[in-house]
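K.L.:
Would you mind keeping the following structure in view while I ask a few things?
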Amino acid sequence: MAREIVAAIGTGQTEFKRHHSDKTYVELAQSATKTALEDAGLHPDEIEAVVFSMAPTQFAGVNDIDRWAIEHVWGAGKPFMRVHTGGATGGSAFHAGYFHVASGQYRTVLVVGADRVAETPDAQHVLNLIWDKFYEQDFALNTVTMTALAAQRYMHRYGITEEQFARVVVRARHNANGNPFAHLKGDISVEDVMASQRVAYPFKRHDICPRSSGAAAVVLANLETASQKCTSPVFINGVGAIAHSVFMGDRLGFWSDTEFADHDGCILAARHAYRQAGITDPVREFDVAEIYDPFSSFQFPQLESLGFCGRGRAAEISDRGGWDMDGVVAVNPSGGTLCTNPIGVTGLVRHIDAVLQIMGRAGQNQVSRASKAVATAIGGSTQFFTVSVLGSDHVGIGRGA
Amino acid sequence: MSTISSSDSMVIPGEWHVRYNYSVGKVAGRFFEGLKDRKVFATRCSKSGITYLPPRAYCERSFEPCDEWVEAGQEGVIEAATIVTAQFEGLRTPPYAIAYVRLDGVSTALCNFVEREDLSDVPAAAARLKPGVRVRVEFIPEPQGRITDFHYVRQAV
């Protein structure tokens, strides 16, 4: 149970693109840190602890790269930890930062990370190595084929088409036009997505996120500090997280208590987060959802598991524009992970985009009167799920579990 | 007075070469021995009733040791499949099909390739490998005691 109310009081991002040839990895992390500290109005000495958000370091090519970054993010002489839950890393790091402050141990925490996914020519070779050496690595599993397997199953269960996935990409690219940090921008059509090169059924090239480089940082603070430093703090009112077995086959079939195709780890994580935040009717209460969607198939099962609609219904709501900027709930007004995926900080970027919406600082992508948002991250063999509830008001402490 | 100037295009190349020897352990070792005899062995927990592939030493539901080895059926049902048509560095040359199959008598699904499929029409091939379709295990001519000793083929093929 939280002892302190926790708020985000400053954020920093670099531009995300394939290569940052003008900066090293650590200089990128430093750049986002500097922006976040200035945004929060804090001197580096006023940060009491640092949580570093970084997934596999083989993409960037320096083993345990967080250690290289410590002095660059002004972490020397402070408690410092790296968090790594694959694609969920940014969500887990955000949660770790939250717990640092909620526990009453620290008044201010910097959560920061960077990634350079395209430093190596093919990230999927590295991603294959997350699977079990004895039984699964030999079968070309990687994040693309893993997700393709889940998507084929989801399509079969609920009668969803490739074109319905393609519309998610169209919306994402359109939204990204208004995001100065986004990697892929520019309007494309359903036909463009359908005509792009087939990769792994049902995915074509445009159904898949880019490999991005860049950095992100957020400053978290207790209520007293937030009140002194920030006119529009964004409160973290609920956090939930769930891990599953690495074996996806354990989550397939009639006996399993979780369902691989449904991203139902989100149900369990959301239940915890919603209880803490007092959320009972997600579709009415949330103005914005910033959810983890590196593939066009990720939004539908996740929105359903987050309680925005019934199982198998998200696609038809998408077809009617229900997840557009002016829809029932604005889903990924930033353009989401489909347009920007610096893996080690992607979850953090989801949280930052949600924070900016509630602060009213999302610029061209601002959802009017946004006051409550949900942010998610997913990682590993679709095995780590994090859910965070953010709001312009705090719910007090001592609620929920 | 000098200023820092940069050459934007400059990169320094690098490669990692790392060698490993993975200890198989008793449970996987027993499984791999079975493959040499063209048998697929699963572990079962009598307390929970769950039969695991890949085999597990402990049941994740009952927290008890899996106390029985059982031979899995050599037929089963597809739970998820995909057709891969792009080359990933270091991985198999496309096209190929991957599926999770729940073998008869087993509670969980096991990953492998599905061979001898016509993959020229990708959506049509994906439809032929939809969840619920039955497949069988087919061993290679000389099993080596590795997971790659077998693959799946559709029963109709």
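All residue names refer to the structure tokens as shown: chains lettered A, B, ... in order, residues numbered from 1 in each chain, ligands numbered from 1 in order.
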Looking only at strand (DSSP E) from DSSP on the backbone, list the matching residues of range 4-131 of chain B as a ChimeraX atom specification.

P.N.:
/B:41-44,51-52,68-71,75-84,96-103,110-114

K.L.:
Report as a ChimeraX atom specification all protein, DNA and RNA residues lying within 6 Å of range 92-99 of chain A, evaluated on only C-alpha atoms, omitting residues in the same chain fewer than 4 positions from it.

P.N.:
/A:53,83,103

K.L.:
Could you save those same residues with all heavy atoms as a JSON list (two decimals), in the first residue's frame?

P.N.:
```
[["chain", "number", "residue", "atom", "x", "y", "z"],
["A", 53, "SER", "N", 15.84, 2.45, -17.54],
["A", 53, "SER", "CA", 14.93, 1.65, -18.35],
["A", 53, "SER", "C", 15.67, 1.14, -19.58],
["A", 53, "SER", "O", 15.96, 1.90, -20.50],
["A", 53, "SER", "CB", 13.75, 2.55, -18.75],
["A", 53, "SER", "OG", 12.85, 1.88, -19.61],
["A", 83, "VAL", "N", 16.07, -1.72, -14.83],
["A", 83, "VAL", "CA", 14.93, -2.62, -14.92],
["A", 83, "VAL", "C", 14.83, -3.14, -16.34],
["A", 83, "VAL", "O", 15.02, -2.38, -17.30],
["A", 83, "VAL", "CB", 13.63, -1.88, -14.52],
["A", 83, "VAL", "CG1", 12.42, -2.73, -14.79],
["A", 83, "VAL", "CG2", 13.70, -1.48, -13.05],
["A", 103, "SER", "N", 6.86, 4.49, -1.49],
["A", 103, "SER", "CA", 7.31, 3.87, -0.24],
["A", 103, "SER", "C", 7.70, 4.90, 0.80],
["A", 103, "SER", "O", 7.84, 4.57, 1.98],
["A", 103, "SER", "CB", 8.52, 2.97, -0.52],
["A", 103, "SER", "OG", 9.62, 3.77, -0.95]]
```

K.L.:
For chain B, which of A:Arg153, A:Lys78, A:His43, A:Arg18 is the closest residue, counting only C-alpha atoms?

P.N.:
A:Arg153

K.L.:
Give me, as number ranges by chain, all polymer residues having an atom no more than 8 Å from range 19-24 of chain B, counting only C-alpha atoms and skipping those fewer than 4 positions away in the same chain.

P.N.:
A: 134; B: 28-29

K.L.:
Quick one: residues within 8 Å of range 172-175 of chain A, only C-alpha atoms counted, chain neighbours fewer than 4 positions away excluded, as a list of chain:residue names?

P.N.:
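The filter keeps A:Val168, A:Asn179, A:Leu184, A:Lys185, A:Gly186, A:Asp187, A:Ile188, A:Met325, A:Asn332, A:Pro333, A:Ser334, A:Gly335, A:Gly336, A:Leu338, A:Cys339, A:Asn365.
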
K.L.:
Using the selection just defined, write its residues with all heavy atoms as an mmCIF file, in the first residue's frame.

P.N.:
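Okay, again.cif is ready:
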```cif
data_model
loop_
_atom_site.group_PDB
_atom_site.id
_atom_site.type_symbol
_atom_site.label_atom_id
_atom_site.label_comp_id
_atom_site.auth_asym_id
_atom_site.auth_seq_id
_atom_site.Cartn_x
_atom_site.Cartn_y
_atom_site.Cartn_z
ATOM 1 N N VAL A 168 -5.854 0.026 -38.215
ATOM 2 C CA VAL A 168 -5.125 0.477 -37.015
ATOM 3 C C VAL A 168 -3.852 1.213 -37.439
ATOM 4 O O VAL A 168 -3.492 2.248 -36.862
ATOM 5 C CB VAL A 168 -4.781 -0.725 -36.100
ATOM 6 C CG1 VAL A 168 -3.931 -0.286 -34.905
ATOM 7 C CG2 VAL A 168 -6.057 -1.413 -35.626
ATOM 8 N N ASN A 179 2.900 14.384 -33.870
ATOM 9 C CA ASN A 179 3.827 14.098 -32.769
ATOM 10 C C ASN A 179 5.256 14.430 -33.205
ATOM 11 O O ASN A 179 5.826 13.727 -34.042
ATOM 12 C CB ASN A 179 3.711 12.619 -32.377
ATOM 13 C CG ASN A 179 4.670 12.218 -31.265
ATOM 14 O OD1 ASN A 179 5.510 13.021 -30.838
ATOM 15 N ND2 ASN A 179 4.561 10.991 -30.814
ATOM 16 N N LEU A 184 7.886 7.101 -37.543
ATOM 17 C CA LEU A 184 7.193 6.956 -38.825
ATOM 18 C C LEU A 184 5.995 7.893 -38.856
ATOM 19 O O LEU A 184 5.173 7.886 -37.947
ATOM 20 C CB LEU A 184 6.695 5.522 -39.015
ATOM 21 C CG LEU A 184 7.722 4.423 -39.234
ATOM 22 C CD1 LEU A 184 7.011 3.100 -39.500
ATOM 23 C CD2 LEU A 184 8.656 4.766 -40.398
ATOM 24 N N LYS A 185 5.899 8.689 -39.895
ATOM 25 C CA LYS A 185 4.764 9.605 -40.051
ATOM 26 C C LYS A 185 4.301 9.556 -41.495
ATOM 27 O O LYS A 185 4.948 8.954 -42.338
ATOM 28 C CB LYS A 185 5.169 11.036 -39.725
ATOM 29 C CG LYS A 185 5.774 11.230 -38.363
ATOM 30 C CD LYS A 185 6.124 12.687 -38.177
ATOM 31 C CE LYS A 185 6.985 12.855 -36.948
ATOM 32 N NZ LYS A 185 6.905 14.205 -36.408
ATOM 33 N N GLY A 186 3.226 10.250 -41.785
ATOM 34 C CA GLY A 186 2.743 10.351 -43.154
ATOM 35 C C GLY A 186 1.569 9.425 -43.371
ATOM 36 O O GLY A 186 1.611 8.251 -43.015
ATOM 37 N N ASP A 187 0.495 9.982 -43.930
ATOM 38 C CA ASP A 187 -0.718 9.200 -44.125
ATOM 39 C C ASP A 187 -0.488 8.073 -45.121
ATOM 40 O O ASP A 187 0.163 8.259 -46.149
ATOM 41 C CB ASP A 187 -1.851 10.108 -44.612
ATOM 42 C CG ASP A 187 -2.360 10.983 -43.474
ATOM 43 O OD1 ASP A 187 -2.520 10.454 -42.364
ATOM 44 O OD2 ASP A 187 -2.571 12.185 -43.704
ATOM 45 N N ILE A 188 -1.011 6.895 -44.782
ATOM 46 C CA ILE A 188 -1.040 5.783 -45.724
ATOM 47 C C ILE A 188 -2.449 5.213 -45.709
ATOM 48 O O ILE A 188 -3.251 5.531 -44.821
ATOM 49 C CB ILE A 188 -0.014 4.686 -45.384
ATOM 50 C CG1 ILE A 188 -0.263 4.100 -43.992
ATOM 51 C CG2 ILE A 188 1.406 5.203 -45.509
ATOM 52 C CD1 ILE A 188 0.587 2.863 -43.716
ATOM 53 N N MET A 325 -8.987 10.056 -32.567
ATOM 54 C CA MET A 325 -8.786 11.199 -31.659
ATOM 55 C C MET A 325 -10.112 11.727 -31.118
ATOM 56 O O MET A 325 -10.194 12.148 -29.973
ATOM 57 C CB MET A 325 -8.060 12.321 -32.405
ATOM 58 C CG MET A 325 -6.615 12.044 -32.713
ATOM 59 S SD MET A 325 -5.544 12.310 -31.301
ATOM 60 C CE MET A 325 -5.598 14.086 -31.180
ATOM 61 N N ASN A 332 -3.909 5.874 -28.487
ATOM 62 C CA ASN A 332 -2.602 6.236 -29.027
ATOM 63 C C ASN A 332 -2.652 7.479 -29.920
ATOM 64 O O ASN A 332 -2.278 7.411 -31.104
ATOM 65 C CB ASN A 332 -1.964 5.044 -29.751
ATOM 66 C CG ASN A 332 -1.563 3.952 -28.780
ATOM 67 O OD1 ASN A 332 -1.818 4.059 -27.581
ATOM 68 N ND2 ASN A 332 -0.931 2.924 -29.272
ATOM 69 N N PRO A 333 -3.093 8.602 -29.364
ATOM 70 C CA PRO A 333 -3.060 9.851 -30.144
ATOM 71 C C PRO A 333 -1.642 10.227 -30.572
ATOM 72 O O PRO A 333 -1.458 10.984 -31.521
ATOM 73 C CB PRO A 333 -3.654 10.894 -29.181
ATOM 74 C CG PRO A 333 -3.612 10.278 -27.832
ATOM 75 C CD PRO A 333 -3.691 8.798 -28.036
ATOM 76 N N SER A 334 -0.633 9.648 -29.922
ATOM 77 C CA SER A 334 0.768 9.905 -30.277
ATOM 78 C C SER A 334 1.202 9.190 -31.557
ATOM 79 O O SER A 334 2.264 9.467 -32.095
ATOM 80 C CB SER A 334 1.668 9.399 -29.146
ATOM 81 O OG SER A 334 1.523 7.988 -29.023
ATOM 82 N N GLY A 335 0.381 8.234 -32.018
ATOM 83 C CA GLY A 335 0.810 7.346 -33.096
ATOM 84 C C GLY A 335 1.294 6.007 -32.560
ATOM 85 O O GLY A 335 1.399 5.041 -33.294
ATOM 86 N N GLY A 336 1.590 5.977 -31.264
ATOM 87 C CA GLY A 336 1.865 4.720 -30.583
ATOM 88 C C GLY A 336 3.141 4.026 -31.019
ATOM 89 O O GLY A 336 3.992 4.590 -31.711
ATOM 90 N N LEU A 338 3.435 1.517 -33.011
ATOM 91 C CA LEU A 338 3.477 1.195 -34.440
ATOM 92 C C LEU A 338 4.326 2.198 -35.216
ATOM 93 O O LEU A 338 4.861 1.871 -36.267
ATOM 94 C CB LEU A 338 2.055 1.198 -35.018
ATOM 95 C CG LEU A 338 1.312 -0.131 -34.979
ATOM 96 C CD1 LEU A 338 -0.166 0.082 -35.291
ATOM 97 C CD2 LEU A 338 1.924 -1.141 -35.944
ATOM 98 N N CYS A 339 4.426 3.425 -34.688
ATOM 99 C CA CYS A 339 5.190 4.465 -35.386
ATOM 100 C C CYS A 339 6.550 4.728 -34.747
ATOM 101 O O CYS A 339 7.397 5.369 -35.371
ATOM 102 C CB CYS A 339 4.372 5.755 -35.436
ATOM 103 S SG CYS A 339 2.817 5.547 -36.307
ATOM 104 N N ASN A 365 -1.656 17.001 -30.975
ATOM 105 C CA ASN A 365 -2.340 15.743 -30.662
ATOM 106 C C ASN A 365 -3.183 15.820 -29.391
ATOM 107 O O ASN A 365 -3.649 14.792 -28.899
ATOM 108 C CB ASN A 365 -1.306 14.617 -30.474
ATOM 109 C CG ASN A 365 -0.694 14.191 -31.779
ATOM 110 O OD1 ASN A 365 -1.198 14.539 -32.842
ATOM 111 N ND2 ASN A 365 0.397 13.461 -31.711
#
```

K.L.:
Fewer than 6 positions away in the same chain doesn't count, so skip those; otherwise give me all residues within 8 Å of Val70 in chain B, counting only C-alpha atoms, as an MDAnalysis selection string.

P.N.:
chainID B and resid 41:44

K.L.:
For Leu127 in chain A, which of A:Gln105, A:Thr161, A:Gln58, A:Gln197 is the closest residue, counting only C-alpha atoms?

P.N.:
A:Gln58

K.L.:
For range 66-69 of chain A, list every protein, DNA or RNA residue within 9 Å, evaluated using only C-alpha atoms, and leave out those in the same chain fewer than 6 positions away; present the list as a CSV table (one decimal) with N, CA, C and O atoms, in the first residue's frame.

P.N.:
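That gives us around.csv:
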```
chain,number,residue,atom,x,y,z
A,25,TYR,N,25.0,6.5,-27.5
A,25,TYR,CA,24.0,6.0,-26.7
A,25,TYR,C,23.8,6.9,-25.4
A,25,TYR,O,22.7,7.3,-25.1
A,26,VAL,N,24.9,7.1,-24.7
A,26,VAL,CA,24.8,7.8,-23.4
A,26,VAL,C,24.5,9.3,-23.6
A,26,VAL,O,23.9,9.9,-22.7
A,27,GLU,N,24.9,9.8,-24.7
A,27,GLU,CA,24.6,11.2,-24.9
A,27,GLU,C,23.1,11.4,-25.2
A,27,GLU,O,22.5,12.4,-24.9
A,29,ALA,N,20.8,9.5,-23.8
A,29,ALA,CA,20.1,9.4,-22.5
A,29,ALA,C,20.3,10.7,-21.7
A,29,ALA,O,19.4,11.1,-21.0
A,30,GLN,N,21.5,11.3,-21.9
A,30,GLN,CA,21.7,12.6,-21.2
A,30,GLN,C,20.8,13.7,-21.7
A,30,GLN,O,20.3,14.5,-20.9
A,52,PHE,N,16.9,3.0,-14.3
A,52,PHE,CA,17.3,3.0,-15.7
A,52,PHE,C,16.5,2.0,-16.5
A,52,PHE,O,16.4,0.8,-16.1
A,53,SER,N,15.8,2.4,-17.5
A,53,SER,CA,14.9,1.6,-18.3
A,53,SER,C,15.7,1.1,-19.6
A,53,SER,O,16.0,1.9,-20.5
A,54,MET,N,16.0,-0.2,-19.6
A,54,MET,CA,16.7,-0.7,-20.8
A,54,MET,C,16.5,-2.2,-20.9
A,54,MET,O,16.7,-3.0,-20.0
A,57,THR,N,20.5,-5.4,-24.4
A,57,THR,CA,21.5,-4.4,-24.8
A,57,THR,C,22.2,-4.9,-26.1
A,57,THR,O,23.1,-4.1,-26.6
A,75,GLY,N,23.7,10.0,-12.3
A,75,GLY,CA,23.3,9.0,-11.3
A,75,GLY,C,24.4,8.6,-10.3
A,75,GLY,O,24.2,7.9,-9.4
A,81,MET,N,19.4,1.6,-10.3
A,81,MET,CA,19.0,0.2,-10.7
A,81,MET,C,18.5,0.2,-12.1
A,81,MET,O,17.9,1.2,-12.6
A,82,ARG,N,18.9,-0.8,-12.9
A,82,ARG,CA,18.3,-1.0,-14.2
A,82,ARG,C,17.1,-2.0,-14.1
A,82,ARG,O,17.2,-3.0,-13.4
A,113,GLY,N,16.0,6.2,-19.8
A,113,GLY,CA,16.6,5.2,-20.6
A,113,GLY,C,16.8,5.6,-22.0
A,113,GLY,O,16.3,6.7,-22.4
```

K.L.:
Calculated over only C-alpha atoms, which of the candidates A:Arg251, A:Arg350, A:Arg311, A:Arg171 has the smallest distance to Ala289 in chain A?

P.N.:
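Ranked by minimum distance to Ala289 in chain A, first place goes to A:Arg350.
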
K.L.:
For chain A versus chain B, which residues have an atom no more than 6 Å away, and what is each residue's nearest atom pair and distance in Å rounded to one decimal, using only C-alpha atoms, chain-then-number order, as a Markdown table?

P.N.:
```
| residue | atom | partner | partner_atom | distance |
| --- | --- | --- | --- | --- |
| A:Ser21 | CA | B:Asp8 | CA | 5.4 |
| A:Asp22 | CA | B:Asp8 | CA | 5.6 |
| A:His125 | CA | B:Glu89 | CA | 5.7 |
| A:Tyr135 | CA | B:Ile147 | CA | 5.8 |
| A:Phe139 | CA | B:Asn112 | CA | 5.8 |
| A:Ala140 | CA | B:Leu91 | CA | 5.8 |
| A:Leu149 | CA | B:Ala81 | CA | 5.1 |
| A:Arg153 | CA | B:Ala80 | CA | 5.3 |
| A:Val199 | CA | B:Ala86 | CA | 4.8 |
| A:Ala200 | CA | B:Val84 | CA | 4.2 |
| A:Tyr201 | CA | B:Ile83 | CA | 5.2 |
| A:Gly249 | CA | B:Ala109 | CA | 4.2 |
| A:Asp250 | CA | B:Thr108 | CA | 5.0 |
```

K.L.:
Have a look at B:Ile140, B:Gly105, B:Ala57, B:Lys36 and name the one nearest to Gln74 in chain B; count only C-alpha atoms.

P.N.:
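Closest candidate: B:Gly105.
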
K.L.:
Hey, what does DSSP flag as alpha helix (DSSP H) within range 5-110 of chain B? Can you give it to me as an NGL selection string?

P.N.:
:B and (25-36)

K.L.:
List as a list in words the protein and nucleic acid residues near Asn237 in chain A, meaning an atom at most 8 Å away when only C-alpha atoms are counted, but skip any in the same chain fewer than 2 places from it.

P.N.:
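Contacts, with the query itself left out: Val6, Phe235, Val239, Ala273, Gln276, Ala277, Ser388, Val389, Leu390, Gly391, His394 and Val395 of chain A.
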
K.L.:
Return the single residue from A:Val234, A:Cys266, A:Ile242, A:Val283 that is closest to Arg361 in chain A, with distances computed using only C-alpha atoms.

P.N.:
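Using only C-alpha atoms, Arg361 in chain A sits closest to A:Val234.
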
K.L.:
Which distance in Å separates CA of Leu268 in chain A and CA of Gln383 in chain A, to one decimal?

P.N.:
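Distance reported for this atom pair: 12.3 Å.
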
K.L.:
Which residue out of B:Phe150, B:Val40, B:Ser62, B:Asp121 has the minimum interatomic distance to Leu103 in chain B when only C-alpha atoms are used?

P.N.:
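Closest candidate: B:Val40.
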
K.L.:
One decimal, in Å: what's the spacing between CA of Asp264 in chain A and CA of Ile291 in chain A?

P.N.:
14.0 Å
